[in-house]
Structure formats: structure tokens, C-alpha cells
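Contents: one structure, followed by commentary.
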Amino acid sequence: MTSLLQRVKSDMAIFAHRKARGMLDGEYGSVFRGRSLDFDDLRAYIPGDEVRDIDWKASARHGSPLIRRYVAVRRQTVLLVTDTGRNMAAAARSGETKKDIAVMALGVMGYLAHRHGDVVGLVSGDSGGTTALPAKGGEAHLERLLRRVDSAATLNAAPSRIEDQLEHVARTIKGRNLLFVVADEVAASPATSQLLRRLQAQHEILWLTVRDAGLVPDAPLLPPDQVPDSYSVSGSYPLLAHLGRDPAVASAYATAVADRDAGRKAMLRQAGITEGEVAGSRDVVTALFALLERHRRAG
């Protein structure tokens with residue numbers, strides 16, 4: 001059986017040259033900047049030191065300026081949070097299944113964490129239930145996480161509901177972690193907004209949205225009247241291709257998608273969560289770099 005992690009590493013090598021991979025590593029490392037330092041000791045002030053690092057109380061007792069020194073916490077916990085409901089077995093904009101794109105994205109983030117010596121855990125599921133695998137290190141563990149996602153997201157799974165997985169994190173996960181959420185095009189709601197604000201108060205959160213396929217499947221080699229119909233994974237009803245080409249239907253669909261996107265983006269922005277989006281597995285490395293860079297700039 002082909003290793004999913006090996007496939008992820010191969011794709012990273014293909015779609016990101018050495019310099020780009022190094023930049024991606026750097027952006028990942030910056031996520032915890034300023035949040036992963038523990039106090040170590042005090043030392044005498046040296047011209048050129050940051051004034052903000054002076055411990056004024058200790059300096060007053062000592063009689064001369066003292067600087068606080070810190071040591072980095074070497075191991076962080078990265079929690080992969082993803083939807084494995086049947087929505088993720090549907091087609092994405094690239095024509096791949098959303099699950100394949102999610103596995104690629106989760107694999108890249110997990111591998112970056114592994115390279116930095118961090119531990120990685122998984123919370124996944126659908127509206128029928130949530131499962132959690134504890135955070136550990138090592139490539140074998142990361143492979144198990146990816147296989148869990150790959151095997152669970154099928155057309156026979158229960159409908160997607162990422163809110164249930166997020167609620168599980170809010171109830172059970174202690175400490176401050178980096179949450180990397182990969183989900184379908186979630187619609188905004190007051191309850192979800194409140195849940196996200198709750199999570200953001202405790203954790204660092206990055207969110208990646210996997211984009212839906214278009215209303216009409218891309219089939220450039222077929223005449224318009226021969227493009228096959230699609231089917232909704234949520235209700236198994238046909239999405240008739242010829243109706244999708246009707247200008248009124250296409251316009252209404254585009255408006256609905258734009259409204260849903262705007263609502264989701266506003267909800268995440270208000271919660272202080274950085275969001276990115278991806279349409280295909282070939283875009284994952286670029287999308288993650290942009291996501292990490294935006295998160296760093298947001299502070």
C-alpha cells in the first residue's frame with residue numbers, strides 16, 4: 001500500500017523548490033513566535049539590548065539594569081482538525097475529491113511540524129461522531145493520522161458537520177495548541193461564530209477551506225450537451241448540467257456562493273482567525289505558504 005505521507009513529501013518536492021520549502025519552514029516556525037518562550041534567568045544589561053526586556057523590579061533591587069532571558073519551548077502541539085463527512089468525498093474545484101486535497105494539506109502541515117520537532121494530533125469526524133488521536137511525534141504516527149482521514153471520508157459517511165469536531169476540541173483539549181482546520185465551505189452562523197471566538201481565546205488557529213466544484217463539471221473534451229450530470233452527496237439527487245448553463249440559474253448560484261463566502265470570511269475575521277482556501281492539491285503548498293505569511297503579518 002502506497003504511503004500517504006510519502007506521496008505528500010513527493011508532491012512537496014515537485015511543487016516547491018528548495019528555497020520555497022525553506023521559506024515554508026520559516027513561516028511555520030514564526031507561528032509560535034512570542035508564545036513559546038519560558039523565563040530562564042536574569043543577566044546584566046548590555047548596550048544594545050531591548051529596553052522592553054529590562055526587569056525593572058529586579059533592577060531596582062540589584063542597583064543596576066537586569067535583562068530577562070528566556071528559553072524556547074522546543075516542542076509544540078499541532079492539532080489537525082478536519083471534516084471526514086461525506087461532503088469531503090465530493091468533487092472539489094480541481095475535479096479531485098476534497099478528501100484528497102485535505103489529506104495533502106494535513107500532510108504538509110503535519111510534516112512541517114514533524115521537521116520542527118513538534119507533536120501532531122488529530123480530531124476528525126462527521127455529524128455521526130468525532131474521533132481523536134493523541135498528539136505524538138514521528139512519521140509513522142503522521143501516516144496513521146492521514147490514513148484515518150483517507151479511510152473515513154467516503155460517500156457512506158454521515159453528513160459533514162465541522163462544528164461538532166470544533167466543539168469536541170473546546171470541551172476536551174487543554175493548554176494552548178496550534179489548530180489547523182481543514183473544512184468544506186462552511187456557512188456562517190451565530191453559534192459557530194461564538195464557538196470560534198471561544199477556541200481562539202485559547203488556541204492559535206489556522207483555517208483552510210477546500211473549494212467546491214463548479215455548478216457545471218469541467219469537461220473540455222465533450223460538447224456542451226454531452227457533459228454528464230452531477231449528483232449531490234448530501235441528498236443523492238441529480239444536478240442537471242443543462243440547468244447549470246441557464247444564465248438565471250448560474251447567476252443565482254454565483255450570488256449564493258459569494259454570500260456564503262462573505263459570511264464565512266467575516267465570521268473568521270471577527271474571531272481573529274486567518275483563513276486560506278485551496279481548489280486542488282497542486283495549490284496546497286502555495287496556499288499554505290500564503291496562509292502562514294498572512295497569519296504572521298496579522299501578529
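Chain labels follow the order of the C-alpha cells: the first chain is A, the next B, and so on; residue numbering restarts at 1 in every chain, and ligands are counted from 1 in their shown order.
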Fewer than 6 positions away in the same chain doesn't count, so skip those; otherwise give me all residues within 12 Å of A:Thr172, counting only C-alpha atoms, as an mmCIF file with N, CA, C and O atoms, in the first residue's frame.
data_model
loop_
_atom_site.group_PDB
_atom_site.id
_atom_site.type_symbol
_atom_site.label_atom_id
_atom_site.label_comp_id
_atom_site.auth_asym_id
_atom_site.auth_seq_id
_atom_site.Cartn_x
_atom_site.Cartn_y
_atom_site.Cartn_z
ATOM 1 N N VAL A 123 -8.157 15.488 15.308
ATOM 2 C CA VAL A 123 -9.574 15.412 15.662
ATOM 3 C C VAL A 123 -10.339 15.429 14.349
ATOM 4 O O VAL A 123 -10.206 16.370 13.558
ATOM 5 N N THR A 130 -17.281 11.984 16.507
ATOM 6 C CA THR A 130 -15.938 12.556 16.425
ATOM 7 C C THR A 130 -14.937 11.591 17.040
ATOM 8 O O THR A 130 -15.211 10.988 18.071
ATOM 9 N N THR A 131 -13.793 11.448 16.382
ATOM 10 C CA THR A 131 -12.709 10.636 16.933
ATOM 11 C C THR A 131 -11.480 11.511 17.117
ATOM 12 O O THR A 131 -11.290 12.489 16.389
ATOM 13 N N ALA A 132 -10.652 11.152 18.087
ATOM 14 C CA ALA A 132 -9.436 11.914 18.360
ATOM 15 C C ALA A 132 -8.269 10.960 18.534
ATOM 16 O O ALA A 132 -8.405 9.924 19.184
ATOM 17 N N PRO A 134 -4.310 11.043 19.891
ATOM 18 C CA PRO A 134 -3.443 11.928 20.692
ATOM 19 C C PRO A 134 -2.211 12.378 19.926
ATOM 20 O O PRO A 134 -1.758 11.713 18.984
ATOM 21 N N GLN A 165 -16.709 18.730 15.520
ATOM 22 C CA GLN A 165 -15.300 18.491 15.814
ATOM 23 C C GLN A 165 -14.702 19.674 16.590
ATOM 24 O O GLN A 165 -13.902 19.491 17.503
ATOM 25 N N LEU A 166 -15.098 20.885 16.226
ATOM 26 C CA LEU A 166 -14.612 22.060 16.949
ATOM 27 C C LEU A 166 -15.131 22.074 18.385
ATOM 28 O O LEU A 166 -14.399 22.444 19.311
ATOM 29 N N LEU A 199 -12.706 29.246 20.996
ATOM 30 C CA LEU A 199 -11.483 28.497 20.681
ATOM 31 C C LEU A 199 -10.288 29.432 20.484
ATOM 32 O O LEU A 199 -9.176 29.136 20.928
#
Can you check which residues of stretch 43-245 of chain A DSSP gives as strand (DSSP E or B) on the backbone and send them as a PyMOL selection string? chain A and resi 43-44+54+66-72+77-83+91-92+97+119-126+129-136+178-183+204-210+212+230-231+238-239
Residue neighbourhood A:Ala152, 10 Å, only C-alpha atoms, exclusion window fewer than 3 positions, as a list in words: Asp83, Thr84, Gly85, Arg86, Met88, Ala89, Lys99, Ser124, Gly125, Asp126, Arg147, Arg148, Val149, Leu155, Asn156, Ala157 and Ala158 of chain A
Would you work out the distance separating atom CA of A:Gly138 from atom CA of A:Leu206, expressed in Å to one decimal? 22.1 Å
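When the distance limit is 7 Å and only C-alpha atoms are what count, the residues near A:Ser127, minus those fewer than 2 positions from it on the same chain, are Gly129, Ala158, Pro159, Ser160, Arg161 and Asp164 of chain A.
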Secondary structure check, helix (DSSP H, G or I) residues of stretch 164-196 of chain A, as an MDAnalysis selection string: chainID A and resid 164:172 190:196
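Taking atom CA of A:Gly280 and atom CA of A:Glu96 as the two end points, the separation is 6.9 Å.
A straight line drawn from atom CA of A:His295 to atom CA of A:Ala258 is 23.3 Å long.
Shortest atom-to-atom contact with A:Trp207 among A:Ala92, A:Ala183, A:Ala170, A:Val108: A:Ala183, counting only C-alpha atoms.
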Need to verify the contact set: stretch 50-52 of chain A, 12 Å, only C-alpha atoms, exclusion of same-chain residues closer than 4 positions in sequence. Can you return it as a PyMOL selection string? chain A and resi 45-46+56+65-69
Take the selection from the previous step and output its residues with N, CA, C and O atoms, as a compact mmCIF listing (two decimals), in the first residue's frame.
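Result file result-v2.txt:
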# COMPACT_ATOMS: atom_id res chain seq x y z
N TYR A 45 22.45 44.14 32.00
CA TYR A 45 22.11 44.85 30.77
C TYR A 45 23.37 45.17 29.97
O TYR A 45 24.40 45.57 30.53
N ILE A 46 23.32 44.95 28.66
CA ILE A 46 24.41 45.28 27.75
C ILE A 46 23.88 46.28 26.73
O ILE A 46 22.78 46.08 26.19
N TRP A 56 12.39 45.71 35.63
CA TRP A 56 12.59 46.94 36.39
C TRP A 56 12.59 46.68 37.90
O TRP A 56 13.35 47.31 38.65
N PRO A 65 20.72 47.80 35.89
CA PRO A 65 19.73 47.18 35.00
C PRO A 65 20.00 45.69 34.76
O PRO A 65 21.14 45.28 34.53
N LEU A 66 18.94 44.90 34.83
CA LEU A 66 19.00 43.46 34.55
C LEU A 66 18.02 43.11 33.43
O LEU A 66 16.90 43.66 33.36
N ILE A 67 18.43 42.21 32.58
CA ILE A 67 17.63 41.78 31.44
C ILE A 67 17.04 40.39 31.72
O ILE A 67 17.74 39.51 32.23
N ARG A 68 15.77 40.21 31.39
CA ARG A 68 15.16 38.89 31.49
C ARG A 68 15.60 38.04 30.30
O ARG A 68 15.55 38.49 29.16
N ARG A 69 16.03 36.81 30.56
CA ARG A 69 16.39 35.89 29.49
C ARG A 69 15.36 34.76 29.45
O ARG A 69 14.84 34.32 30.49
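Of the residues listed (A:Ala90, A:Ala44, A:Ala140, A:Val186), A:Val186 shows the shortest atom-to-atom separation from A:Asp261; distances use only C-alpha atoms.
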Of the residues A:Ala187, A:Gly272, A:Ala60, A:Ala298, which is the one nearest to A:Ala256, using only C-alpha atoms? A:Ala187
